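Novice: Sharing input.cif below, mmCIF, C-alpha atoms and all ligand atoms:
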```
data_input
#
loop_
_atom_site.label_atom_id
_atom_site.label_comp_id
_atom_site.auth_asym_id
_atom_site.auth_seq_id
_atom_site.Cartn_x
_atom_site.Cartn_y
_atom_site.Cartn_z
CA MET A 1 10.36 -25.98 1.30
CA GLY A 2 9.03 -25.35 -2.20
CA LYS A 3 7.31 -22.29 -3.53
CA VAL A 4 3.83 -21.58 -2.24
CA ILE A 5 1.10 -20.41 -4.58
CA GLY A 6 -2.04 -18.47 -3.78
CA ILE A 7 -5.19 -19.64 -5.52
CA ASP A 8 -8.23 -17.47 -6.02
CA PHE A 9 -10.90 -19.95 -7.08
CA GLY A 10 -13.68 -17.64 -8.20
CA THR A 11 -17.28 -18.21 -9.20
CA THR A 12 -16.51 -16.90 -12.69
CA ASN A 13 -12.73 -16.85 -13.00
CA SER A 14 -9.70 -18.14 -11.17
CA CYS A 15 -6.20 -16.79 -10.77
CA VAL A 16 -2.92 -18.10 -9.34
CA ALA A 17 -0.13 -15.97 -7.87
CA TYR A 18 3.27 -16.44 -6.21
CA LEU A 19 6.12 -14.35 -4.87
CA ASP A 20 9.26 -14.01 -6.92
CA GLN A 21 12.08 -12.77 -4.67
CA GLY A 22 9.49 -11.03 -2.53
CA LYS A 23 7.55 -9.53 -5.42
CA PRO A 24 3.99 -10.70 -6.15
CA ARG A 25 3.47 -12.14 -9.62
CA VAL A 26 0.61 -13.85 -11.41
CA VAL A 27 0.96 -17.19 -13.18
CA LEU A 28 0.28 -17.08 -16.92
CA ASP A 29 -1.26 -19.89 -18.91
CA LYS A 30 0.11 -21.25 -22.21
CA GLU A 31 -1.49 -18.40 -24.11
CA ARG A 32 -0.17 -15.90 -21.55
CA TYR A 33 -3.54 -15.13 -19.98
CA LYS A 34 -3.63 -14.40 -16.24
CA ILE A 35 -7.25 -15.33 -15.72
CA VAL A 36 -8.75 -18.81 -16.14
CA PRO A 37 -12.53 -19.06 -16.51
CA SER A 38 -13.81 -21.42 -13.78
CA CYS A 39 -15.50 -23.50 -16.41
CA VAL A 40 -15.43 -27.15 -17.55
CA TYR A 41 -16.85 -28.56 -20.77
CA ILE A 42 -17.66 -32.27 -20.53
CA TYR A 43 -18.46 -34.57 -23.43
CA LYS A 44 -17.76 -38.05 -24.70
CA LYS A 45 -15.72 -39.20 -27.66
CA ASN A 46 -15.76 -42.89 -28.59
CA ASP A 47 -17.46 -43.59 -25.26
CA ASN A 48 -14.66 -41.93 -23.29
CA VAL A 49 -15.36 -38.90 -21.15
CA ARG A 50 -13.37 -35.88 -22.33
CA LEU A 51 -12.84 -32.52 -20.65
CA MET A 52 -11.95 -29.01 -21.61
CA VAL A 53 -11.13 -26.52 -18.87
CA GLY A 54 -10.87 -22.74 -18.74
CA ARG A 55 -11.04 -20.53 -21.82
CA ALA A 56 -11.60 -23.46 -24.20
CA ALA A 57 -14.54 -24.64 -22.06
CA LYS A 58 -16.10 -21.18 -21.81
CA SER A 59 -16.00 -20.82 -25.59
CA LYS A 60 -18.28 -23.88 -25.87
CA TYR A 61 -21.07 -22.20 -23.90
CA VAL A 62 -22.96 -20.83 -26.89
CA GLU A 63 -22.66 -24.08 -28.83
CA ASN A 64 -23.58 -26.46 -26.04
CA PRO A 65 -24.54 -24.93 -22.68
CA PHE A 66 -25.80 -28.24 -21.26
CA CYS A 67 -22.23 -29.57 -21.17
CA THR A 68 -20.60 -26.30 -20.10
CA ILE A 69 -20.40 -26.30 -16.33
CA HIS A 70 -19.68 -22.92 -14.76
CA SER A 71 -20.17 -21.12 -11.41
CA ILE A 72 -19.60 -24.40 -9.57
CA LYS A 73 -18.21 -22.61 -6.53
CA ARG A 74 -21.77 -21.76 -5.58
CA PHE A 75 -22.53 -25.41 -4.90
CA LEU A 76 -19.47 -26.57 -2.98
CA GLY A 77 -20.69 -27.81 0.37
CA LYS A 78 -24.30 -26.87 -0.42
CA SER A 79 -27.26 -29.19 -0.46
CA TYR A 80 -29.72 -29.72 -3.28
CA ASP A 81 -32.42 -27.97 -1.24
CA SER A 82 -30.46 -24.71 -1.07
CA GLU A 83 -31.59 -21.41 -2.52
CA ASP A 84 -28.54 -21.41 -4.80
CA VAL A 85 -29.73 -24.54 -6.56
CA ARG A 86 -33.18 -23.03 -7.07
CA MET A 87 -31.70 -19.83 -8.51
CA ALA A 88 -29.32 -21.80 -10.73
CA GLN A 89 -32.17 -23.90 -12.08
CA GLU A 90 -33.86 -20.71 -13.20
CA ARG A 91 -30.75 -19.26 -14.82
CA TYR A 92 -28.30 -21.97 -15.84
CA PHE A 93 -28.64 -24.44 -18.65
CA TYR A 94 -26.85 -27.41 -17.17
CA ILE A 95 -29.00 -29.75 -15.16
CA LEU A 96 -28.80 -30.13 -11.39
CA GLU A 97 -30.42 -33.13 -9.74
CA LYS A 98 -30.59 -34.51 -6.24
CA ASP A 99 -28.20 -37.38 -5.63
CA GLU A 100 -30.47 -39.80 -3.77
CA LYS A 101 -27.52 -42.03 -2.94
CA ALA A 102 -25.43 -39.29 -1.35
CA GLN A 103 -24.30 -40.04 2.18
CA SER A 104 -24.47 -36.44 3.28
CA HIS A 105 -26.97 -33.79 2.25
CA GLU A 106 -24.06 -31.35 1.94
CA PHE A 107 -22.81 -33.32 -1.04
CA ASP A 108 -26.08 -34.33 -2.68
CA ILE A 109 -25.97 -32.20 -5.81
CA LEU A 110 -25.55 -34.11 -9.03
CA ILE A 111 -24.77 -32.51 -12.37
CA ARG A 112 -26.41 -34.47 -15.15
CA ILE A 113 -25.35 -34.29 -18.76
CA HIS A 114 -28.12 -36.22 -20.45
CA GLU A 115 -26.71 -35.98 -23.95
CA TYR A 116 -23.74 -38.14 -22.95
CA ASP A 117 -25.29 -39.88 -19.96
CA ILE A 118 -22.71 -38.40 -17.59
CA SER A 119 -23.23 -37.68 -13.90
CA THR A 120 -20.72 -35.58 -12.07
CA SER A 121 -20.56 -33.51 -8.90
CA PRO A 122 -19.54 -29.98 -7.92
CA VAL A 123 -16.49 -31.40 -6.12
CA ASP A 124 -15.42 -33.26 -9.28
CA ILE A 125 -15.79 -30.15 -11.42
CA ALA A 126 -13.74 -28.16 -8.90
CA VAL A 127 -11.11 -30.95 -9.00
CA TYR A 128 -10.83 -30.57 -12.80
CA ILE A 129 -10.33 -26.83 -12.42
CA PHE A 130 -7.80 -27.12 -9.59
CA ARG A 131 -5.87 -29.79 -11.52
CA TYR A 132 -5.73 -27.43 -14.48
CA LEU A 133 -4.47 -24.60 -12.23
CA LYS A 134 -1.83 -26.91 -10.74
CA GLN A 135 -0.57 -27.96 -14.17
CA MET A 136 -0.61 -24.36 -15.35
CA ALA A 137 1.47 -23.23 -12.35
CA GLU A 138 3.90 -26.13 -12.72
CA ALA A 139 4.39 -25.45 -16.43
CA TYR A 140 4.96 -21.76 -15.76
CA LEU A 141 7.19 -22.07 -12.71
CA ARG A 142 8.91 -25.26 -13.92
CA GLU A 143 8.69 -27.02 -10.58
CA PRO A 144 6.19 -29.24 -8.79
CA MET A 145 3.66 -27.18 -6.86
CA GLU A 146 2.18 -28.57 -3.69
CA ASP A 147 1.89 -25.90 -1.01
CA VAL A 148 -1.09 -23.64 -1.51
CA VAL A 149 -3.17 -21.00 0.17
CA ILE A 150 -6.72 -21.06 -1.11
CA THR A 151 -9.08 -18.14 -0.68
CA MET A 152 -12.59 -18.55 0.63
CA PRO A 153 -15.87 -16.71 0.29
CA ASN A 154 -16.74 -14.51 3.25
CA THR A 155 -19.90 -16.39 4.03
CA PHE A 156 -20.75 -20.05 4.28
CA LYS A 157 -17.30 -21.02 5.44
CA THR A 158 -17.56 -24.27 7.37
CA ARG A 159 -19.07 -26.55 4.76
CA TYR A 160 -17.23 -24.81 1.94
CA THR A 161 -13.96 -25.46 3.77
CA ALA A 162 -14.71 -29.18 4.02
CA ALA A 163 -15.47 -29.31 0.30
CA ILE A 164 -12.45 -27.33 -0.82
CA LYS A 165 -10.12 -29.42 1.35
CA GLN A 166 -11.51 -32.52 -0.31
CA VAL A 167 -10.85 -30.96 -3.72
CA ALA A 168 -7.29 -29.95 -2.82
CA GLU A 169 -6.49 -33.39 -1.49
CA LYS A 170 -7.73 -35.09 -4.65
CA VAL A 171 -5.49 -32.85 -6.73
CA GLY A 172 -2.42 -33.41 -4.56
CA PHE A 173 -2.21 -29.97 -3.02
CA ASN A 174 -1.01 -29.39 0.50
CA VAL A 175 -3.22 -26.64 1.89
CA ILE A 176 -1.02 -24.60 4.20
CA GLY A 177 -3.70 -21.98 4.74
CA LEU A 178 -7.19 -20.82 3.89
CA LEU A 179 -7.89 -17.12 3.72
CA ASP A 180 -11.03 -15.02 3.30
CA GLU A 181 -11.13 -13.30 -0.06
CA THR A 182 -11.47 -9.85 1.44
CA MET A 183 -8.68 -10.60 3.88
CA ALA A 184 -6.55 -11.63 0.90
CA THR A 185 -7.26 -8.32 -0.80
CA ALA A 186 -6.22 -6.56 2.39
CA PHE A 187 -2.96 -8.52 2.44
CA ALA A 188 -2.24 -7.44 -1.12
CA PHE A 189 -2.84 -3.82 -0.10
CA GLY A 190 -0.95 -4.15 3.21
CA TYR A 191 2.08 -5.43 1.34
CA LEU A 192 2.36 -2.08 -0.42
CA ASN A 193 1.03 0.17 2.37
CA LYS A 194 2.47 -0.34 5.81
CA GLY A 195 1.28 1.21 9.05
CA GLU A 196 -2.12 1.39 10.70
CA HIS A 197 -5.10 1.72 8.43
CA THR A 198 -8.71 0.77 7.89
CA ILE A 199 -9.78 -0.29 4.44
CA ALA A 200 -12.98 -1.24 2.71
CA VAL A 201 -13.14 -3.83 -0.05
CA TYR A 202 -15.76 -3.51 -2.77
CA ASP A 203 -15.74 -6.84 -4.57
CA LEU A 204 -18.05 -7.08 -7.57
CA GLY A 205 -17.42 -10.26 -9.54
CA GLY A 206 -19.44 -12.15 -12.10
CA GLY A 207 -22.01 -13.49 -9.68
CA THR A 208 -21.70 -11.78 -6.33
CA ILE A 209 -21.08 -8.50 -4.52
CA ASP A 210 -19.30 -8.27 -1.19
CA PHE A 211 -18.43 -5.20 0.78
CA SER A 212 -16.18 -5.52 3.83
CA ILE A 213 -14.43 -3.19 6.22
CA LEU A 214 -11.12 -4.33 7.70
CA ARG A 215 -8.82 -2.75 10.25
CA ARG A 216 -5.10 -3.44 10.33
CA VAL A 217 -4.05 -5.06 13.58
CA LYS A 218 -0.76 -6.61 14.61
CA GLY A 219 -0.02 -9.52 12.29
CA GLY A 220 -3.02 -9.10 10.01
CA TYR A 221 -6.47 -7.56 9.77
CA GLU A 222 -9.69 -7.71 11.77
CA GLU A 223 -13.04 -7.52 10.07
CA LEU A 224 -15.30 -4.73 11.31
CA GLY A 225 -18.21 -5.60 9.10
CA SER A 226 -19.24 -7.27 5.89
CA LEU A 227 -22.35 -7.52 3.73
CA GLY A 228 -23.10 -8.97 0.33
CA ASP A 229 -25.53 -10.45 -2.14
CA GLY A 230 -24.74 -13.88 -3.57
CA TRP A 231 -26.85 -13.24 -6.65
CA LEU A 232 -25.82 -9.78 -7.74
CA GLY A 233 -22.86 -9.45 -10.08
CA GLY A 234 -21.65 -8.89 -13.63
CA ASP A 235 -24.00 -11.56 -14.88
CA ASP A 236 -26.97 -9.40 -13.91
CA PHE A 237 -25.48 -6.57 -15.93
CA ASP A 238 -25.38 -8.93 -18.93
CA TYR A 239 -29.02 -9.90 -18.42
CA ALA A 240 -30.04 -6.24 -18.19
CA ILE A 241 -28.23 -5.45 -21.47
CA THR A 242 -29.77 -8.52 -23.13
CA GLU A 243 -33.25 -7.33 -22.15
CA TYR A 244 -32.51 -3.90 -23.56
CA LEU A 245 -31.32 -5.43 -26.84
CA LEU A 246 -34.46 -7.54 -27.09
CA ARG A 247 -36.65 -4.48 -26.51
CA GLU A 248 -34.75 -2.50 -29.13
CA PHE A 249 -34.99 -5.35 -31.61
CA LYS A 250 -38.71 -5.71 -30.99
CA ALA A 251 -39.25 -1.99 -31.54
CA SER A 252 -37.20 -2.04 -34.75
CA THR A 253 -39.32 -4.84 -36.22
CA ARG A 254 -42.68 -3.20 -35.46
CA ASN A 255 -45.07 -2.89 -38.44
CA ARG A 256 -42.55 -4.37 -40.85
CA ARG A 257 -43.19 -7.05 -43.43
CA PHE A 258 -40.71 -9.94 -43.34
CA ALA A 259 -39.67 -12.77 -45.66
CA ASP A 260 -42.50 -14.96 -44.35
CA GLY A 261 -44.95 -12.41 -45.81
CA LYS A 262 -46.40 -11.37 -42.45
CA VAL A 263 -46.50 -7.96 -40.82
CA TYR A 264 -45.63 -7.92 -37.12
CA LYS A 265 -47.63 -5.05 -35.64
CA ASP A 266 -46.04 -5.19 -32.18
CA GLY A 267 -42.61 -6.26 -33.38
CA ILE A 268 -40.88 -9.61 -32.98
CA THR A 269 -40.04 -11.25 -29.67
CA ILE A 270 -37.02 -13.54 -29.83
CA THR A 271 -37.64 -16.70 -27.84
CA ASP A 272 -35.16 -19.21 -29.23
CA LYS A 273 -32.88 -20.14 -26.30
CA ASP A 274 -29.78 -20.66 -28.44
CA ILE A 275 -30.18 -17.22 -29.93
CA LEU A 276 -30.89 -15.61 -26.55
CA ARG A 277 -27.69 -17.17 -25.28
CA ALA A 278 -25.71 -15.81 -28.22
CA ILE A 279 -27.18 -12.37 -27.53
CA LYS A 280 -26.17 -12.54 -23.86
CA THR A 281 -22.63 -13.50 -24.84
CA GLU A 282 -22.43 -10.49 -27.16
CA ALA A 283 -23.97 -8.32 -24.43
CA GLU A 284 -21.10 -9.22 -22.08
CA LYS A 285 -18.51 -8.49 -24.77
CA ALA A 286 -20.11 -5.11 -25.42
CA LYS A 287 -20.17 -4.31 -21.70
CA ILE A 288 -16.46 -5.05 -21.40
CA ALA A 289 -15.66 -3.06 -24.55
CA LEU A 290 -17.56 -0.08 -23.16
CA SER A 291 -15.25 0.07 -20.16
CA ASP A 292 -12.61 1.32 -22.61
CA SER A 293 -14.57 2.99 -25.38
CA ALA A 294 -17.59 5.24 -25.69
CA HIS A 295 -19.47 3.21 -28.33
CA THR A 296 -19.66 -0.34 -29.58
CA LEU A 297 -21.64 -2.30 -32.13
CA ILE A 298 -23.48 -5.47 -31.20
CA HIS A 299 -23.99 -7.93 -34.01
CA VAL A 300 -25.78 -11.28 -33.77
CA SER A 301 -26.45 -13.08 -37.06
CA ASN A 302 -29.64 -14.66 -38.11
CA VAL A 303 -31.78 -13.99 -35.04
CA ILE A 304 -35.19 -14.98 -36.48
CA PRO A 305 -34.31 -17.72 -39.00
CA GLU A 306 -37.89 -19.05 -39.27
CA ILE A 307 -39.31 -15.59 -40.07
CA ASP A 308 -36.53 -14.03 -42.07
CA PRO A 309 -33.23 -15.88 -42.54
CA ASP A 310 -31.46 -12.72 -43.67
CA LEU A 311 -32.24 -10.58 -40.65
CA HIS A 312 -29.44 -9.88 -38.19
CA MET A 313 -29.39 -7.94 -34.95
CA ASP A 314 -27.21 -4.84 -35.33
CA ILE A 315 -27.51 -2.44 -32.44
CA LYS A 316 -25.19 0.38 -31.46
CA LEU A 317 -24.65 0.72 -27.74
CA SER A 318 -23.05 3.72 -26.10
CA ARG A 319 -21.48 3.90 -22.68
CA ASP A 320 -24.15 6.40 -21.62
CA VAL A 321 -26.97 4.03 -22.53
CA LEU A 322 -25.22 1.12 -20.84
CA GLU A 323 -24.89 3.17 -17.66
CA TYR A 324 -28.56 4.04 -17.81
CA ILE A 325 -29.57 0.39 -18.29
CA VAL A 326 -27.64 -0.78 -15.23
CA THR A 327 -28.26 2.18 -12.91
CA ASP A 328 -30.44 0.17 -10.52
CA LEU A 329 -27.87 -2.59 -10.23
CA ILE A 330 -25.07 -0.15 -9.49
CA GLU A 331 -27.19 1.67 -6.91
CA LYS A 332 -28.03 -1.63 -5.24
CA THR A 333 -24.32 -2.33 -4.78
CA ILE A 334 -23.87 1.14 -3.30
CA SER A 335 -26.66 0.67 -0.81
CA ILE A 336 -25.20 -2.70 0.25
CA SER A 337 -21.88 -0.90 0.79
CA LEU A 338 -23.47 1.81 2.91
CA ASP A 339 -25.42 -0.74 4.96
CA ALA A 340 -22.20 -2.66 5.61
CA ILE A 341 -20.61 0.52 6.94
CA ASP A 342 -23.63 1.23 9.15
CA ASN A 343 -23.42 -2.29 10.57
CA ALA A 344 -19.70 -1.93 11.22
CA ARG A 345 -20.32 1.30 13.13
CA THR A 346 -22.23 -0.60 15.77
CA LEU A 347 -19.00 -2.49 16.49
CA ALA A 348 -16.53 0.35 16.02
CA PRO A 349 -18.39 3.70 16.01
CA LYS A 350 -15.45 5.86 15.01
CA PHE A 351 -13.50 4.25 12.22
CA LYS A 352 -12.45 6.17 9.14
CA ILE A 353 -11.87 4.35 5.88
CA ASP A 354 -8.44 5.20 4.50
CA ALA A 355 -8.75 3.34 1.22
CA LEU A 356 -11.47 1.65 -0.76
CA LEU A 357 -10.10 -1.30 -2.71
CA LEU A 358 -11.87 -2.46 -5.83
CA VAL A 359 -11.87 -6.15 -6.63
CA GLY A 360 -13.73 -8.30 -9.16
CA GLY A 361 -13.94 -7.87 -12.91
CA GLN A 362 -17.18 -5.91 -12.91
CA ALA A 363 -15.58 -3.23 -10.70
CA ARG A 364 -13.60 -2.19 -13.78
CA MET A 365 -16.67 -0.41 -15.12
CA PRO A 366 -15.87 3.34 -15.12
CA LYS A 367 -19.36 4.31 -13.91
CA ILE A 368 -18.91 2.15 -10.83
CA LYS A 369 -15.64 3.85 -9.99
CA GLN A 370 -17.30 7.22 -10.56
CA ARG A 371 -20.23 6.42 -8.25
CA LEU A 372 -17.94 5.07 -5.56
CA ARG A 373 -15.85 8.22 -5.82
CA GLU A 374 -18.99 10.36 -5.45
CA VAL A 375 -20.12 8.42 -2.39
CA PHE A 376 -16.80 7.73 -0.64
CA GLY A 377 -14.50 10.48 -1.92
CA GLU A 378 -11.04 10.18 -3.37
CA ILE A 379 -10.02 7.10 -1.44
CA ILE A 380 -10.35 4.61 -4.26
CA TYR A 381 -7.31 2.46 -4.62
CA ASP A 382 -7.08 0.55 -7.86
CA GLN A 383 -3.36 -0.01 -8.21
CA ILE A 384 -3.75 -3.75 -7.79
CA LEU A 385 -5.68 -5.18 -10.71
CA PRO A 386 -9.16 -6.24 -9.57
CA GLU A 387 -8.89 -9.80 -10.89
CA GLU A 388 -5.45 -10.41 -9.41
CA ALA A 389 -5.68 -8.87 -5.95
CA VAL A 390 -7.14 -11.91 -4.19
CA ALA A 391 -4.63 -14.42 -5.58
CA ILE A 392 -1.75 -12.05 -4.84
CA GLY A 393 -2.93 -11.60 -1.24
CA ALA A 394 -3.11 -15.38 -0.86
CA ALA A 395 0.45 -15.74 -2.16
CA ILE A 396 1.69 -13.08 0.27
CA TYR A 397 -0.10 -14.78 3.17
CA GLY A 398 1.36 -18.13 2.09
CA ASN A 399 4.85 -16.70 2.28
CA VAL A 400 4.15 -15.23 5.71
CA LEU A 401 3.03 -18.67 6.90
CA GLN A 402 6.08 -20.36 5.41
CA ALA A 403 8.41 -17.81 6.97
CA ALA A 404 6.73 -18.31 10.35
CA LYS A 405 7.26 -22.07 10.05
CA LYS A 406 10.93 -21.66 9.24
P1 LIG A 501 -14.67 -11.99 -11.71
O1 LIG A 501 -15.71 -12.91 -11.14
O2 LIG A 501 -14.02 -11.11 -10.71
O3 LIG A 501 -13.70 -12.66 -12.60
O4 LIG A 501 -15.50 -10.97 -12.65
C1 LIG A 501 -16.15 -11.41 -13.79
C2 LIG A 501 -17.13 -10.36 -14.22
O5 LIG A 501 -16.44 -9.16 -14.54
C3 LIG A 501 -17.89 -10.75 -15.47
O6 LIG A 501 -19.26 -10.42 -15.30
C4 LIG A 501 -17.26 -9.90 -16.55
O7 LIG A 501 -18.18 -9.62 -17.59
C5 LIG A 501 -16.90 -8.65 -15.79
N1 LIG A 501 -15.81 -7.89 -16.40
C6 LIG A 501 -14.58 -8.32 -16.71
N2 LIG A 501 -13.84 -7.33 -17.27
C7 LIG A 501 -14.65 -6.24 -17.31
C8 LIG A 501 -14.48 -4.89 -17.78
N3 LIG A 501 -13.33 -4.48 -18.33
N4 LIG A 501 -15.54 -4.04 -17.65
C9 LIG A 501 -16.68 -4.45 -17.09
N5 LIG A 501 -16.90 -5.71 -16.64
C10 LIG A 501 -15.90 -6.60 -16.74
#
```
Go ahead and render the structure in this file as structure tokens.
Ligand code: AMP

Specialist:
Amino acid sequence: MGKVIGIDFGTTNSCVAYLDQGKPRVVLDKERYKIVPSCVYIYKKNDNVRLMVGRAAKSKYVENPFCTIHSIKRFLGKSYDSEDVRMAQERYFYILEKDEKAQSHEFDILIRIHEYDISTSPVDIAVYIFRYLKQMAEAYLREPMEDVVITMPNTFKTRYTAAIKQVAEKVGFNVIGLLDETMATAFAFGYLNKGEHTIAVYDLGGGTIDFSILRRVKGGYEELGSLGDGWLGGDDFDYAITEYLLREFKASTRNRRFADGKVYKDGITITDKDILRAIKTEAEKAKIALSDSAHTLIHVSNVIPEIDPDLHMDIKLSRDVLEYIVTDLIEKTISISLDAIDNARTLAPKFKIDALLLVGGQARMPKIKQRLREVFGEIIYDQILPEEAVAIGAAIYGNVLQAAKK
């Protein structure tokens, strides 16, 4: 029996883990990164379709967002008529169409890249990402990797399962188990903390928030309650910062004369989509920087080329201001958490949460930890890194399954 790997295929990022002589470890890519953006850049060269996957693909987003396919997990097993497609059409640049020839409405989403006349599907994009993860794991562990445990979102399981199994099969993986993401986090925690306990998992990723309460039972965990929002995550923080930057820029250009000779009484509104995208990318970088430092500088060159080619956006952002800008978003995640606990109480009126586990990249924000501490007390457990916990839990579960088989 070969090694088993745990795969956390996330909306924004993916991660692969394994056990090395009983100790959980994360697979590194060629550049020694642990996290792979769940992103594929598709284009054509000399009439041949070419792909970039992961970090290289994500870096193409500003240059050509129509070919940069991200957040594909949202569409696995979904139909074109779903709310997710409608939301994505408002927010994403790549084009989603209905596949009129599809045999099942659960697989009728088509991704169209008009520039290169390419049609692809969510399953295909997921295949490219999984293939990349497989190659990455094989290069790192220097052995063929087949047995996998793949983690699953807490909601929408049945059709997602069918889709992900299809993906795994196409890549040549043998799926020995599927595991809920929150359950996987619990396994990662349970590996280090034995005995009876009840935990809550606050999972704030790039696109979604999930809050779950799980009680340790013999052989695993039982879920007492769970609540989430599929369209509330780090991305919304980036949009909020972008809006703030645009307001600041507008205010700073009020009543000024520019190279085109005009005076803009109310200030200038940036509307160019390429520039807005560049601003959002810088907004995310600033947000991440402010998790470690108190101040950062946001610079975007040449933001109004047709009015004044020499004008750049230079705005200082402090952690305090960032926290103010995203207060509503943070509070929304808190109220989802409290509602999840209320719901769970109807099932188990007397549970006490022993530890609150933080998962998802956005949960690294210090203000979020502070607010959770204020609301839930000193039970926050952040010894497992938020981006790795799910993959590690999947690897642990995979080893449990393999041991049981033996
Ligand atoms: P995930 O989906 O768990 O990979 O989380 C991705 C989200 O986490 C993105 O919105 C990132 O901008 C955000 N993120 C990653 N690292 C940090 C950090 N250090 N501070 C704040 N947000 C972060």

Novice: Could you name the residues that touch Glu106 of chain A at 7 Å or less, counting all atoms listed in the file, but leaving out those on the same chain fewer than 5 positions away, as a VMD selection string?

Specialist: chain A and resid 77 to 79

Novice: Which one is closest to ligand LIG 501 (chain A): A:Lys73, A:Arg256, A:Arg112, A:Arg345? Count all atoms listed in the file.

Specialist: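 Looking at the shortest contact to ligand LIG 501 (chain A), the residue is A:Lys73.
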
Novice: Hey, what's within 6 Å of Asp147 of chain A if we count all atoms listed in the file and toss same-chain stuff fewer than 2 positions away? As a list of chain:residue names, please?

Specialist: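 Once the adjacent positions are removed, what remains is A:Val4, A:Asn174, A:Val175.
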
Novice: For atom CA of Asn399 of chain A and atom CA of Ile384 of chain A, quote the distance in Å rounded to one decimal.

Specialist: 18.5 Å

Novice: Excluding Glu63 of chain A and any residue of its chain fewer than 3 positions from it, enumerate the residues within 9 Å of it, using only C-alpha atoms, and give them as a list in words.

Specialist: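 Skipping anything fewer than 3 positions along the chain leaves Ser59, Lys60, Asp274 and Ala278 of chain A.
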
Novice: Grab the atom CA of Ala251 of chain A to atom CA of Met365 of chain A distance for me, in Å with one decimal place.

Specialist: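 About the pair atom CA of Ala251 of chain A and atom CA of Met365 of chain A: they are 28.0 Å apart.
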
Novice: Neighbours of ligand LIG 501 (chain A) at 8 Å or closer, counting all atoms listed in the file: which residues, as number ranges by chain?

Specialist: A: 10-14, 35, 37, 203-208, 233-238, 284-285, 287-292, 359-366, 386-387

Novice: Considering only C-alpha atoms, state which residue in the set A:Gly2, A:Pro122, A:Pro144, A:Gly177 is at the smallest distance from Ala394 of chain A.

Specialist: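 Of A:Gly2, A:Pro122, A:Pro144, A:Gly177, the one nearest Ala394 of chain A is A:Gly177, counting only C-alpha atoms.
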
Novice: Would you mind telling me which residue in A:Pro349, A:Pro24, A:Pro65, A:Gly230 lies nearest to Cys39 of chain A when using all atoms listed in the file?

Specialist: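 Result for the nearest residue to Cys39 of chain A: A:Pro65.
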
Novice: Using all atoms listed in the file, can you tell me which of A:Ser104, A:Thr151, A:Ser82, A:Thr198 comes closest to Ile176 of chain A?

Specialist: A:Thr151

Novice: Which neighbours of Leu28 of chain A fall inside 7 Å, counting only C-alpha atoms, when residues of the same chain fewer than 5 positions from it are skipped, and could you give them as a PyMOL selection string?

Specialist: chain A and resi 33-34+140

Novice: Please produce a file of the residues just selected, as a PDB file, in the coordinates of the input, where the atoms kept are C-alpha atoms.

Specialist:
```
ATOM      1  CA  TYR A  33      -3.540 -15.130 -19.980  1.00  0.00           C
ATOM      2  CA  LYS A  34      -3.630 -14.400 -16.240  1.00  0.00           C
ATOM      3  CA  TYR A 140       4.960 -21.760 -15.760  1.00  0.00           C
TER       4      TYR A 140
END
```

Novice: A:Ile109, A:Ile7, A:Cys15, A:Met52: which is nearest Leu178 of chain A, counting only C-alpha atoms?

Specialist: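 Between A:Ile109, A:Ile7, A:Cys15, A:Met52, the residue approaching Leu178 of chain A most closely is A:Ile7.
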
Novice: Which residue gives the smallest distance to Ile325 of chain A among A:Arg247, A:Asp84, A:Glu181, A:Ala200, with only C-alpha atoms counted?

Specialist: A:Arg247
